[in-house]
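Visitor: data.cif (mmCIF, C-alpha atoms and all ligand atoms) pasted underneath:
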```
data_target
loop_
_atom_site.label_atom_id
_atom_site.label_comp_id
_atom_site.auth_asym_id
_atom_site.auth_seq_id
_atom_site.Cartn_x
_atom_site.Cartn_y
_atom_site.Cartn_z
CA MET H 14 23.73 -22.60 26.27
CA THR H 15 21.67 -20.36 24.02
CA ARG H 16 19.28 -18.25 26.03
CA THR H 17 15.66 -17.81 24.93
CA ILE H 18 14.68 -14.27 24.02
CA LYS H 19 11.24 -12.76 24.17
CA ILE H 20 10.05 -10.72 21.20
CA LEU H 21 6.80 -8.79 20.92
CA CYS H 22 5.71 -8.87 17.27
CA ILE H 23 3.47 -6.00 16.18
CA VAL H 24 0.68 -5.98 13.60
CA GLY H 25 -1.92 -3.33 12.95
CA ALA H 26 -3.02 -2.95 9.36
CA ARG H 27 -3.84 -5.33 6.52
CA PRO H 28 -0.42 -5.38 4.79
CA ASN H 29 1.22 -6.33 8.12
CA PHE H 30 -0.65 -9.62 8.33
CA MET H 31 1.02 -11.20 5.27
CA LYS H 32 4.42 -10.20 6.65
CA ILE H 33 3.96 -11.43 10.21
CA ALA H 34 2.48 -14.84 9.28
CA PRO H 35 5.75 -16.48 8.10
CA LEU H 36 7.74 -14.82 10.90
CA MET H 37 5.46 -16.20 13.63
CA ARG H 38 5.75 -19.61 11.98
CA ALA H 39 9.55 -19.41 11.79
CA PHE H 40 9.82 -18.30 15.43
CA SER H 41 7.69 -21.24 16.59
CA ALA H 42 10.16 -23.83 15.19
CA THR H 43 11.52 -25.92 18.06
CA HIS H 44 15.18 -25.15 17.31
CA ILE H 45 14.58 -21.39 17.44
CA PRO H 46 14.96 -20.07 21.02
CA ILE H 47 12.52 -17.21 20.54
CA GLU H 48 9.36 -16.71 22.56
CA ALA H 49 7.21 -14.60 20.24
CA LYS H 50 4.07 -12.85 21.41
CA LEU H 51 1.72 -11.18 18.96
CA VAL H 52 0.40 -7.67 19.68
CA HIS H 53 -2.39 -6.30 17.44
CA THR H 54 -2.82 -2.54 17.65
CA GLY H 55 -6.34 -2.70 16.19
CA GLN H 56 -5.55 -0.13 13.46
CA HIS H 57 -7.59 -2.31 11.10
CA TYR H 58 -10.58 -4.02 12.69
CA ASP H 59 -13.26 -4.83 10.05
CA VAL H 60 -13.72 -8.55 9.47
CA ALA H 61 -12.85 -8.00 5.80
CA MET H 62 -9.66 -6.05 6.61
CA ASN H 63 -8.60 -8.12 9.58
CA GLU H 64 -10.14 -11.38 10.82
CA GLN H 65 -10.33 -13.13 7.46
CA PHE H 66 -6.56 -12.63 7.02
CA PHE H 67 -5.83 -14.21 10.40
CA GLN H 68 -7.97 -17.19 9.43
CA GLN H 69 -6.68 -17.63 5.90
CA LEU H 70 -3.02 -17.16 6.78
CA GLY H 71 -3.14 -19.25 9.95
CA ILE H 72 -1.83 -16.42 12.13
CA PRO H 73 -2.24 -17.20 15.83
CA GLU H 74 -4.78 -15.17 17.80
CA PRO H 75 -3.07 -12.00 19.05
CA ASP H 76 -1.91 -12.33 22.66
CA ILE H 77 -2.77 -8.67 23.17
CA ASN H 78 -5.13 -6.37 21.26
CA LEU H 79 -4.82 -2.62 21.84
CA GLU H 80 -8.10 -1.96 19.95
CA VAL H 81 -7.23 1.58 18.89
CA GLY H 82 -9.26 1.71 15.64
CA SER H 83 -9.36 4.57 13.14
CA ALA H 84 -8.44 8.21 13.72
CA GLY H 85 -6.30 10.97 12.21
CA HIS H 86 -2.57 10.28 12.00
CA GLY H 87 -1.59 12.09 15.19
CA LYS H 88 -4.39 10.67 17.27
CA GLN H 89 -4.06 7.14 15.93
CA THR H 90 -0.27 7.07 16.40
CA GLY H 91 -0.61 8.63 19.85
CA GLN H 92 -3.30 6.22 20.97
CA ILE H 93 -1.21 3.24 19.91
CA MET H 94 1.75 4.62 21.86
CA ILE H 95 -0.31 5.26 24.97
CA ALA H 96 -1.81 1.77 24.86
CA PHE H 97 1.48 0.03 24.06
CA GLU H 98 3.66 1.54 26.79
CA PRO H 99 2.13 -0.35 29.74
CA ILE H 100 2.31 -3.59 27.72
CA LEU H 101 6.09 -3.24 27.63
CA ASP H 102 6.15 -2.71 31.41
CA ILE H 103 4.19 -5.92 31.93
CA GLU H 104 5.79 -8.10 29.25
CA LYS H 105 9.40 -6.86 29.57
CA PRO H 106 10.45 -8.20 26.14
CA ASP H 107 14.05 -8.31 24.91
CA ALA H 108 12.97 -6.83 21.59
CA VAL H 109 10.00 -5.45 19.66
CA LEU H 110 9.64 -6.50 16.02
CA VAL H 111 7.77 -4.24 13.61
CA VAL H 112 7.03 -4.79 9.91
CA GLY H 113 6.33 -2.46 7.01
CA ASP H 114 5.50 1.22 7.19
CA VAL H 115 2.08 1.80 8.74
CA ASN H 116 1.26 3.99 11.73
CA SER H 117 1.39 0.96 14.05
CA THR H 118 5.00 0.36 12.92
CA ILE H 119 6.40 3.74 13.95
CA ALA H 120 4.19 4.05 17.05
CA CYS H 121 5.39 0.79 18.65
CA ALA H 122 9.01 1.26 17.54
CA LEU H 123 9.10 4.70 19.16
CA VAL H 124 7.72 3.53 22.50
CA ALA H 125 10.13 0.57 22.58
CA VAL H 126 13.30 2.50 21.75
CA LYS H 127 12.59 5.08 24.45
CA LYS H 128 12.34 2.27 26.98
CA GLY H 129 15.72 0.93 25.93
CA ILE H 130 14.19 -2.13 24.23
CA LYS H 131 15.76 -3.30 20.98
CA VAL H 132 13.76 -2.59 17.83
CA ILE H 133 13.77 -4.98 14.87
CA HIS H 134 12.40 -3.71 11.54
CA VAL H 135 11.45 -6.19 8.84
CA GLU H 136 11.14 -4.56 5.38
CA ALA H 137 13.59 -1.78 6.20
CA GLY H 138 15.24 0.71 3.88
CA LEU H 139 12.53 1.10 1.23
CA ARG H 140 12.29 4.72 0.07
CA SER H 141 9.93 6.45 -2.35
CA PHE H 142 11.72 9.76 -1.62
CA ASP H 143 8.26 11.31 -1.47
CA ARG H 144 7.74 12.74 1.98
CA SER H 145 4.13 13.64 1.28
CA MET H 146 3.41 9.91 1.76
CA PRO H 147 2.68 9.13 5.41
CA GLU H 148 4.34 5.74 4.92
CA GLU H 149 7.62 7.37 3.85
CA ILE H 150 7.79 9.28 7.14
CA ASN H 151 7.04 6.05 9.00
CA ARG H 152 9.82 4.23 7.11
CA VAL H 153 12.53 6.85 7.61
CA LEU H 154 11.79 7.30 11.32
CA THR H 155 11.39 3.60 12.09
CA ASP H 156 14.71 2.77 10.44
CA GLN H 157 16.48 5.52 12.38
CA ILE H 158 15.48 4.01 15.72
CA SER H 159 15.85 0.33 14.80
CA ASP H 160 18.74 -1.82 16.04
CA LEU H 161 18.43 -4.62 13.50
CA LEU H 162 17.12 -3.95 10.01
CA PHE H 163 16.05 -6.65 7.55
CA THR H 164 15.76 -5.71 3.88
CA THR H 165 13.83 -7.13 0.95
CA GLU H 166 15.88 -5.74 -1.95
CA GLU H 167 19.48 -4.67 -2.40
CA ALA H 168 18.83 -0.93 -2.97
CA ALA H 169 17.59 -0.67 0.61
CA LEU H 170 21.12 -0.98 2.01
CA ASP H 171 22.31 2.10 0.09
CA ASN H 172 19.33 4.07 1.34
CA LEU H 173 20.09 3.09 4.92
CA LEU H 174 23.82 3.77 4.68
CA SER H 175 23.16 7.22 3.26
CA GLU H 176 20.98 7.94 6.30
CA GLY H 177 23.75 7.00 8.71
CA ILE H 178 22.68 3.44 9.58
CA ARG H 179 25.68 1.12 10.07
CA ALA H 180 26.12 -1.77 7.62
CA GLN H 181 26.47 -4.23 10.54
CA GLN H 182 22.86 -3.50 11.53
CA VAL H 183 21.46 -4.38 8.10
CA PHE H 184 20.68 -7.88 6.81
CA PHE H 185 19.45 -8.66 3.31
CA THR H 186 17.13 -11.58 3.96
CA GLY H 187 14.57 -11.31 1.14
CA ASN H 188 10.85 -10.76 1.13
CA VAL H 189 8.62 -12.24 3.84
CA MET H 190 5.52 -11.15 1.91
CA ILE H 191 6.63 -13.44 -0.90
CA ASP H 192 7.08 -16.26 1.65
CA THR H 193 3.35 -15.90 2.27
CA LEU H 194 2.57 -15.83 -1.43
CA TYR H 195 4.41 -19.09 -2.14
CA ALA H 196 3.01 -20.75 0.98
CA ASN H 197 -0.54 -20.00 -0.18
CA LEU H 198 -0.41 -20.44 -3.95
CA GLU H 199 -1.93 -23.90 -3.84
CA GLN H 200 -4.74 -22.80 -1.54
CA ALA H 201 -5.56 -19.71 -3.63
CA ILE H 202 -9.28 -19.59 -4.38
CA PRO H 203 -9.77 -20.00 -8.14
CA ALA H 204 -10.61 -16.75 -9.89
CA GLN H 205 -13.59 -18.49 -11.44
CA SER H 206 -15.29 -19.12 -8.10
CA THR H 207 -14.59 -15.61 -6.78
CA LEU H 208 -16.01 -14.11 -9.98
CA SER H 209 -19.00 -16.39 -9.73
CA ASN H 210 -19.59 -15.27 -6.10
CA LEU H 211 -19.47 -11.70 -7.39
CA ASN H 212 -22.04 -12.57 -10.08
CA ALA H 213 -19.43 -11.99 -12.73
CA SER H 214 -18.95 -15.48 -14.16
CA HIS H 215 -19.55 -14.00 -17.61
CA LEU H 216 -16.03 -12.53 -17.43
CA PHE H 217 -14.78 -16.07 -17.71
CA ASN H 218 -16.96 -17.09 -20.60
CA SER H 219 -15.96 -14.77 -23.42
CA SER H 220 -12.35 -13.63 -23.77
CA ARG H 221 -11.40 -14.87 -20.29
CA GLU H 222 -9.46 -11.65 -19.81
CA PHE H 223 -9.91 -9.23 -16.95
CA ALA H 224 -7.92 -6.67 -14.98
CA VAL H 225 -7.81 -6.19 -11.20
CA LEU H 226 -7.79 -2.71 -9.67
CA THR H 227 -6.99 -1.62 -6.11
CA LEU H 228 -6.89 1.97 -4.94
CA HIS H 229 -6.49 3.47 -1.48
CA ARG H 230 -3.59 5.95 -1.29
CA PRO H 231 -4.69 9.30 0.15
CA SER H 232 -2.99 11.01 -2.84
CA ASN H 233 -5.34 9.14 -5.21
CA VAL H 234 -8.59 9.00 -3.27
CA ASP H 235 -8.75 12.03 -0.96
CA ASP H 236 -8.83 14.74 -3.66
CA PRO H 237 -12.15 14.61 -5.54
CA LYS H 238 -10.61 15.87 -8.82
CA VAL H 239 -7.85 13.25 -8.81
CA LEU H 240 -10.24 10.49 -7.79
CA ALA H 241 -12.81 11.45 -10.46
CA ALA H 242 -10.11 11.49 -13.16
CA ILE H 243 -8.86 8.04 -12.13
CA LEU H 244 -12.39 6.62 -12.08
CA ASP H 245 -13.11 8.08 -15.54
CA THR H 246 -9.94 6.42 -16.80
CA ILE H 247 -10.99 3.13 -15.25
CA VAL H 248 -14.34 3.36 -17.05
CA GLU H 249 -12.43 3.94 -20.32
CA ILE H 250 -10.23 0.90 -19.74
CA SER H 251 -13.21 -1.24 -18.77
CA LYS H 252 -14.58 -0.79 -22.30
CA LYS H 253 -11.60 -2.87 -23.53
CA CYS H 254 -11.23 -5.23 -20.62
CA PRO H 255 -13.51 -5.98 -17.67
CA ILE H 256 -12.16 -4.78 -14.31
CA VAL H 257 -12.58 -6.36 -10.89
CA PHE H 258 -12.35 -3.67 -8.20
CA PRO H 259 -12.33 -4.71 -4.53
CA VAL H 260 -12.89 -1.36 -2.83
CA HIS H 261 -10.90 -0.32 0.26
CA PRO H 262 -13.07 1.23 3.04
CA ARG H 263 -11.24 4.58 2.73
CA THR H 264 -11.94 4.67 -1.02
CA GLN H 265 -15.57 3.62 -0.55
CA LYS H 266 -16.08 6.48 1.90
CA GLN H 267 -14.46 9.02 -0.41
CA MET H 268 -16.41 7.86 -3.49
CA GLU H 269 -19.65 8.21 -1.54
CA LYS H 270 -18.66 11.55 0.00
CA TYR H 271 -17.90 13.08 -3.42
CA GLY H 272 -20.85 11.37 -5.15
CA LEU H 273 -18.53 9.48 -7.51
CA ASP H 274 -19.63 5.89 -6.87
CA SER H 275 -22.27 6.00 -9.61
CA LYS H 276 -19.51 6.46 -12.22
CA LEU H 277 -18.60 2.81 -11.81
CA HIS H 278 -22.06 1.32 -12.23
CA ASN H 279 -21.51 -0.39 -15.52
CA GLN H 280 -21.50 -3.94 -16.85
CA THR H 281 -17.78 -4.35 -17.12
CA ILE H 282 -16.71 -3.12 -13.69
CA VAL H 283 -17.19 -5.65 -10.91
CA LEU H 284 -17.26 -4.01 -7.50
CA SER H 285 -16.79 -5.78 -4.19
CA GLY H 286 -15.72 -5.02 -0.64
CA PRO H 287 -12.15 -5.88 0.40
CA LEU H 288 -11.39 -9.46 -0.61
CA GLY H 289 -9.58 -12.10 1.42
CA TYR H 290 -5.94 -12.91 0.72
CA LEU H 291 -6.74 -16.22 -1.00
CA GLU H 292 -9.47 -14.67 -3.18
CA LEU H 293 -7.21 -11.83 -4.33
CA LEU H 294 -4.28 -14.16 -4.94
CA GLY H 295 -6.46 -16.36 -7.16
CA LEU H 296 -7.66 -13.31 -9.09
CA ILE H 297 -4.29 -11.69 -9.71
CA GLN H 298 -2.78 -14.99 -10.80
CA LYS H 299 -5.29 -15.11 -13.66
CA ALA H 300 -5.49 -11.38 -14.39
CA LYS H 301 -4.31 -9.93 -17.68
CA LEU H 302 -2.95 -7.01 -15.69
CA VAL H 303 -3.21 -5.33 -12.29
CA LEU H 304 -3.74 -1.61 -11.74
CA THR H 305 -2.85 -0.55 -8.21
CA ASP H 306 -1.41 1.98 -5.81
CA SER H 307 -0.56 -0.68 -3.21
CA GLY H 308 3.03 -1.54 -2.25
CA GLY H 309 2.36 -5.23 -1.67
CA LEU H 310 0.65 -5.81 -5.01
CA GLN H 311 3.64 -4.37 -6.88
CA GLU H 312 5.71 -7.13 -5.30
CA GLU H 313 3.14 -9.91 -5.61
CA THR H 314 2.60 -9.27 -9.34
CA THR H 315 6.38 -9.32 -9.88
CA ALA H 316 6.61 -12.67 -8.10
CA LEU H 317 3.75 -14.03 -10.21
CA GLY H 318 4.95 -12.54 -13.52
CA VAL H 319 1.71 -10.59 -14.00
CA PRO H 320 1.98 -7.09 -15.54
CA CYS H 321 1.38 -4.31 -12.99
CA ILE H 322 0.57 -0.66 -13.61
CA THR H 323 1.26 1.44 -10.53
CA LEU H 324 -0.95 4.49 -10.20
CA ARG H 325 1.64 6.52 -8.30
CA GLU H 326 4.44 8.91 -9.22
CA SER H 327 7.12 6.86 -7.50
CA THR H 328 7.76 3.52 -5.88
CA GLU H 329 9.76 2.57 -2.80
CA ARG H 330 10.17 -0.87 -4.39
CA PRO H 331 12.40 -0.14 -7.43
CA ILE H 332 13.29 -3.79 -7.94
CA THR H 333 9.73 -4.41 -9.15
CA VAL H 334 10.37 -1.96 -12.00
CA ILE H 335 14.01 -2.83 -12.72
CA GLN H 336 13.62 -6.61 -12.62
CA GLY H 337 9.92 -7.20 -12.23
CA THR H 338 6.71 -6.59 -14.17
CA ASN H 339 5.88 -3.18 -12.72
CA THR H 340 5.47 0.11 -14.63
CA ILE H 341 5.02 3.40 -12.75
CA VAL H 342 2.52 5.67 -14.49
CA GLY H 343 1.19 8.14 -11.90
CA SER H 344 -2.37 9.39 -12.26
CA ASP H 345 -2.21 10.89 -15.78
CA PRO H 346 -5.18 9.36 -17.67
CA LEU H 347 -3.42 9.34 -21.04
CA LYS H 348 -0.37 7.57 -19.70
CA ILE H 349 -2.49 4.98 -17.90
CA VAL H 350 -4.50 4.15 -21.02
CA GLN H 351 -1.36 4.05 -23.19
CA THR H 352 0.34 1.62 -20.82
CA VAL H 353 -2.74 -0.62 -20.72
CA ASP H 354 -2.79 -0.64 -24.55
CA GLU H 355 0.89 -1.53 -24.63
CA ILE H 356 0.32 -4.47 -22.31
CA PHE H 357 -2.49 -5.68 -24.53
CA GLU H 358 -0.24 -5.45 -27.58
CA THR H 359 2.96 -6.89 -26.13
CA GLY H 360 1.86 -8.93 -23.12
CA GLY H 361 3.79 -6.55 -20.84
CA LYS H 362 7.23 -6.84 -19.28
CA ALA H 363 8.43 -10.40 -18.83
CA GLY H 364 10.25 -9.66 -15.60
CA ARG H 365 12.17 -12.02 -13.37
CA ILE H 366 11.97 -12.88 -9.71
CA PRO H 367 14.30 -10.72 -7.57
CA PRO H 368 17.08 -12.25 -5.47
CA LEU H 369 15.99 -13.96 -2.24
CA TRP H 370 12.30 -13.78 -3.07
CA ASP H 371 12.30 -17.52 -2.62
CA GLY H 372 9.85 -18.27 0.17
CA GLU H 373 12.60 -18.68 2.80
CA ALA H 374 13.04 -15.11 4.04
CA ALA H 375 11.41 -15.56 7.47
CA GLY H 376 13.70 -18.48 8.29
CA ARG H 377 16.72 -16.32 7.50
CA VAL H 378 15.38 -13.54 9.75
CA ALA H 379 14.88 -16.02 12.60
CA ASP H 380 18.42 -17.45 12.26
CA ILE H 381 19.99 -13.99 12.28
CA LEU H 382 17.94 -12.92 15.30
CA VAL H 383 19.13 -15.98 17.18
CA ALA H 384 22.76 -15.24 16.27
CA GLN H 385 22.44 -11.54 17.10
CA LEU H 386 20.28 -11.62 20.21
CA CYS H 387 20.51 -15.07 21.79
CA GLU H 388 24.05 -16.21 21.12
CA LYS H 389 25.90 -12.87 21.33
CA GLN H 390 24.61 -12.30 24.90
CA GLU H 391 25.73 -15.59 26.44
C1 LIG Q 401 -3.20 1.94 6.07
C2 LIG Q 401 -1.71 2.24 5.96
C3 LIG Q 401 -1.28 2.03 4.50
C4 LIG Q 401 -1.67 0.65 4.02
C5 LIG Q 401 -3.17 0.47 4.22
C6 LIG Q 401 -3.67 -0.89 3.76
C7 LIG Q 401 -0.89 4.03 7.44
C8 LIG Q 401 -0.38 5.41 7.48
N1 LIG Q 401 -1.43 3.64 6.27
O1 LIG Q 401 -3.90 2.88 5.27
O2 LIG Q 401 0.12 2.15 4.41
O3 LIG Q 401 -1.33 0.50 2.67
O4 LIG Q 401 -3.44 0.62 5.61
O5 LIG Q 401 -5.04 -0.95 3.93
O6 LIG Q 401 -0.78 3.33 8.42
N2 LIG Q 401 -11.24 1.68 7.83
C9 LIG Q 401 -12.33 0.88 8.00
N3 LIG Q 401 -12.13 -0.37 8.54
C10 LIG Q 401 -10.91 -0.82 8.90
C11 LIG Q 401 -9.79 0.04 8.72
C12 LIG Q 401 -9.97 1.28 8.19
O7 LIG Q 401 -13.45 1.25 7.68
O8 LIG Q 401 -10.80 -1.97 9.37
C13 LIG Q 401 -11.44 3.03 7.23
C14 LIG Q 401 -11.61 4.09 8.27
O9 LIG Q 401 -12.51 5.03 7.81
C15 LIG Q 401 -10.25 4.75 8.34
C16 LIG Q 401 -9.78 4.61 6.90
O10 LIG Q 401 -10.31 3.37 6.44
O11 LIG Q 401 -10.29 6.06 8.78
C17 LIG Q 401 -8.31 4.59 6.77
O12 LIG Q 401 -7.73 3.60 7.64
P1 LIG Q 401 -6.22 3.78 8.18
O13 LIG Q 401 -5.77 2.60 8.91
O14 LIG Q 401 -6.09 5.10 8.86
O15 LIG Q 401 -5.38 3.94 6.86
P2 LIG Q 401 -5.46 3.12 5.49
O16 LIG Q 401 -5.89 4.07 4.42
O17 LIG Q 401 -6.17 1.82 5.62
#
```
As structure tokens, what does this structure read like?

Guide:
Amino acid sequence: MTRTIKILCIVGARPNFMKIAPLMRAFSATHIPIEAKLVHTGQHYDVAMNEQFFQQLGIPEPDINLEVGSAGHGKQTGQIMIAFEPILDIEKPDAVLVVGDVNSTIACALVAVKKGIKVIHVEAGLRSFDRSMPEEINRVLTDQISDLLFTTEEAALDNLLSEGIRAQQVFFTGNVMIDTLYANLEQAIPAQSTLSNLNASHLFNSSREFAVLTLHRPSNVDDPKVLAAILDTIVEISKKCPIVFPVHPRTQKQMEKYGLDSKLHNQTIVLSGPLGYLELLGLIQKAKLVLTDSGGLQEETTALGVPCITLRESTERPITVIQGTNTIVGSDPLKIVQTVDEIFETGGKAGRIPPLWDGEAAGRVADILVAQLCEKQE
């Protein structure tokens, strides 16, 4: 008989929600002997950054919420660890599953491994090779202490092997974030209605062309000079093509702190707070191009065949550049404008969908977990 195993699944920040949704669904299938409980660290807590994703993606209510909220890296990571440790004593899970690369990921993985509980990392092995990124530290450390590592693209295996991880621990299962994208394409809220809610219907009347911008990396928004230069560039681009800019809370705070928010008050830049998953999906589907420093959007644009300009010096997701629609440009204004012009002239890279980005990744993760954790221990 296959024994049932208990897994605590961790979420904390916005990009975790799209990854956990298909996994929770896969684990709830009757033939899968996994009892999954959802733990929310509370790293993100605003309705716009949190609740609306649970609703739109049909994620079950968290069984446990640690309610840690915002703080500096050390304090936030520490508070998650302190709050999570007693949960493990009460729940006594067989394994803890973490996704992605946020502070909640490393914090919960670290507490679990020290208690001798197996750690499962979904979206393992991605490397930007830029250790000034907090996420890169979280990735490297989480992978080092994980027992089972699930990867989204083939390059991740080489990264893991070169860091001493054994090949038997690593499983190339594809991209759970793209599972969520395919599962929600039909429900995506049409760009037209989101633009109309933002009083920007006119963007749909003339050339019907617009760009979407997202920006939140500390390296882009925490230094006033860098942020001002990016915003000036955005204003330049908006003269050619209207830009929809849903502003991350960190970026909003920094723009206000440095008195830069007024730069964007013009007719062709549409500002909003963070949008829901279905609103953003509808917008990027119809966008001429996406400018971003997000990891998830680099993948989502590749899956949708929409040109993406990444405002970072490197990417941990090289497949989006090699096979997808992504171009890495950094924060150099000239390069950004040149790349936008190129996309307008040529339509951008055609791209193709990477292997195993097929909407079935979470099912593969569930099957492997059953084989590795339930059946091996009989
Ligand atoms: C975190 C992740 C990042 C991810 C991003 C997506 C880490 C190290 N970073 O960055 O990888 O791409 O989430 O959003 O884990 N805030 C609010 N409301 C919220 C959440 C945050 O106002 O619900 C504000 C707070 O001022 C907070 C700031 O945003 O201090 C930053 O939040 P935090 O979770 O520390 O990092 P993010 O920049 O969101």

Visitor: Considering only C-alpha atoms and all ligand atoms, give me a table of residues in chain H that are at most 8 Å from ligand LIG 401 (chain Q), with the closest atom pair and distance in Å for each, as CSV.

Guide:
```
residue,atom,partner,partner_atom,distance
H:Ala26,CA,Q:LIG401,O4,5.2
H:Arg27,CA,Q:LIG401,O5,5.2
H:Pro28,CA,Q:LIG401,C6,5.6
H:Gln56,CA,Q:LIG401,O13,5.3
H:His57,CA,Q:LIG401,O8,3.7
H:Tyr58,CA,Q:LIG401,O8,3.9
H:Asp59,CA,Q:LIG401,O8,3.8
H:Val60,CA,Q:LIG401,O8,7.2
H:Ala61,CA,Q:LIG401,O8,7.3
H:Met62,CA,Q:LIG401,O8,5.1
H:Asn63,CA,Q:LIG401,O8,6.5
H:Gly82,CA,Q:LIG401,C11,7.1
H:Ser83,CA,Q:LIG401,O11,4.7
H:Ala84,CA,Q:LIG401,O11,5.7
H:Gly85,CA,Q:LIG401,O14,6.8
H:His86,CA,Q:LIG401,C8,7.0
H:Gln89,CA,Q:LIG401,O14,7.6
H:Asp114,CA,Q:LIG401,O2,6.1
H:Val115,CA,Q:LIG401,O6,3.3
H:Asn116,CA,Q:LIG401,O6,3.9
H:Ser117,CA,Q:LIG401,O6,6.5
H:Thr118,CA,Q:LIG401,O6,7.9
H:Pro147,CA,Q:LIG401,C8,5.2
H:Glu148,CA,Q:LIG401,C8,5.4
H:Asn151,CA,Q:LIG401,C8,7.6
H:His229,CA,Q:LIG401,O16,6.0
H:Arg230,CA,Q:LIG401,O16,6.4
H:Pro231,CA,Q:LIG401,O16,6.9
H:His261,CA,Q:LIG401,O5,6.9
H:Pro262,CA,Q:LIG401,O7,4.7
H:Arg263,CA,Q:LIG401,O10,4.0
H:Thr264,CA,Q:LIG401,O10,7.7
H:Lys266,CA,Q:LIG401,O9,7.1
H:Ser307,CA,Q:LIG401,O3,6.0
H:Gly308,CA,Q:LIG401,O3,6.9
```

Visitor: List as a PyMOL selection string the protein and nucleic acid residues near stretch 337-339 of chain H, meaning an atom at most 9 Å away when only C-alpha atoms are counted, but skip any in the same chain fewer than 6 places from it.

Guide: chain H and resi 311-312+314-323+331+361-367

Visitor: Considering all atoms listed in the file, state which residue in the set H:Asp274, H:Glu64, H:Asp156, H:Asp371 is at the smallest distance from H:Asn172.

Guide: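 Counting all atoms listed in the file, the residue closest to H:Asn172 is H:Asp156.
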
Visitor: To one decimal place in Å, what is the distance between atom CA of H:Gly372 and atom CA of H:Ala169?

Guide: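 About the pair atom CA of H:Gly372 and atom CA of H:Ala169: they are 19.2 Å apart.
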
Visitor: If we count only C-alpha atoms, what is near H:Val189 at a cut-off of 12 Å, once residues fewer than 4 positions away on the same chain are taken out, given as a tab-separated table (two decimals) with C-alpha atoms, in the frame of the given file?

Guide:
```
chain	number	residue	atom	x	y	z
H	28	PRO	CA	-0.42	-5.38	4.79
H	29	ASN	CA	1.22	-6.33	8.12
H	30	PHE	CA	-0.65	-9.62	8.33
H	31	MET	CA	1.02	-11.20	5.27
H	32	LYS	CA	4.42	-10.20	6.65
H	33	ILE	CA	3.96	-11.43	10.21
H	34	ALA	CA	2.48	-14.84	9.28
H	35	PRO	CA	5.75	-16.48	8.10
H	36	LEU	CA	7.74	-14.82	10.90
H	37	MET	CA	5.46	-16.20	13.63
H	38	ARG	CA	5.75	-19.61	11.98
H	39	ALA	CA	9.55	-19.41	11.79
H	112	VAL	CA	7.03	-4.79	9.91
H	113	GLY	CA	6.33	-2.46	7.01
H	135	VAL	CA	11.45	-6.19	8.84
H	136	GLU	CA	11.14	-4.56	5.38
H	137	ALA	CA	13.59	-1.78	6.20
H	163	PHE	CA	16.05	-6.65	7.55
H	164	THR	CA	15.76	-5.71	3.88
H	165	THR	CA	13.83	-7.13	0.95
H	166	GLU	CA	15.88	-5.74	-1.95
H	185	PHE	CA	19.45	-8.66	3.31
H	193	THR	CA	3.35	-15.90	2.27
H	194	LEU	CA	2.57	-15.83	-1.43
H	195	TYR	CA	4.41	-19.09	-2.14
H	196	ALA	CA	3.01	-20.75	0.98
H	309	GLY	CA	2.36	-5.23	-1.67
H	312	GLU	CA	5.71	-7.13	-5.30
H	313	GLU	CA	3.14	-9.91	-5.61
H	369	LEU	CA	15.99	-13.96	-2.24
H	370	TRP	CA	12.30	-13.78	-3.07
H	371	ASP	CA	12.30	-17.52	-2.62
H	372	GLY	CA	9.85	-18.27	0.17
H	373	GLU	CA	12.60	-18.68	2.80
H	374	ALA	CA	13.04	-15.11	4.04
H	375	ALA	CA	11.41	-15.56	7.47
H	376	GLY	CA	13.70	-18.48	8.29
H	377	ARG	CA	16.72	-16.32	7.50
H	378	VAL	CA	15.38	-13.54	9.75
H	379	ALA	CA	14.88	-16.02	12.60
```

Visitor: Work out how far apart atom CA of H:Gln205 and atom CA of H:Met190 are and give it in Å to one decimal.

Guide: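 A separation of 24.4 Å between them.
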
Visitor: Restricting the calculation to only C-alpha atoms: of H:Ile23, H:Ala241, H:Leu211, H:Ile130, which residue gets closest to H:Lys276?

Guide: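 Using only C-alpha atoms, the shortest distance to H:Lys276 belongs to H:Ala241.
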
Visitor: Excluding H:Pro203 and any residue of its chain fewer than 3 positions from it, enumerate the residues within 10 Å of it, using all atoms listed in the file, and give them as a list in words.

Guide: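 The residues that qualify are Glu199, Gln200, Ser206, Thr207, Leu208, Leu291, Glu292, Leu293, Leu294, Gly295, Leu296, Gln298 and Lys299 of chain H.
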
Visitor: For each of H:Ile341, H:Ile247, H:Ile72, H:Ala224, take the minimum atom-to-atom distance to H:Ala204, counting only C-alpha atoms, then give the residue where this is smallest.

Guide: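 Counting only C-alpha atoms, the residue closest to H:Ala204 is H:Ala224.
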
Visitor: Pick from H:Glu167, H:Glu388, H:Asp102, H:Glu149: nearest to H:Thr186, with only C-alpha atoms counted?

Guide: H:Glu167

Visitor: Measuring atom to atom with all atoms listed in the file, identify which of H:Ala49, H:Leu154, H:Met146, H:Ile119 is nearest to H:Pro106.

Guide: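 Closest candidate: H:Ala49.
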
Visitor: Near H:Ala122, within 8 Å and counting only C-alpha atoms, which residues show up once chain neighbours fewer than 6 positions away are dropped, as a list in words?

Guide: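 Selected residues are Val109, Leu110, Val111, Val132, Thr155, Ile158 and Ser159 of chain H.
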
Visitor: From the set H:Ala201, H:Gly272, H:Tyr290, H:Asn233, which residue has the shortest atom-to-atom contact distance to H:Phe67, counting only C-alpha atoms?

Guide: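 Ranked by minimum distance to H:Phe67, first place goes to H:Tyr290.
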
Visitor: Could you please determine the separation between atom CA of H:Leu79 and atom CA of H:Thr54 in Å, to one decimal place?

Guide: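 So the two atoms, atom CA of H:Leu79 and atom CA of H:Thr54, lie 4.6 Å apart.
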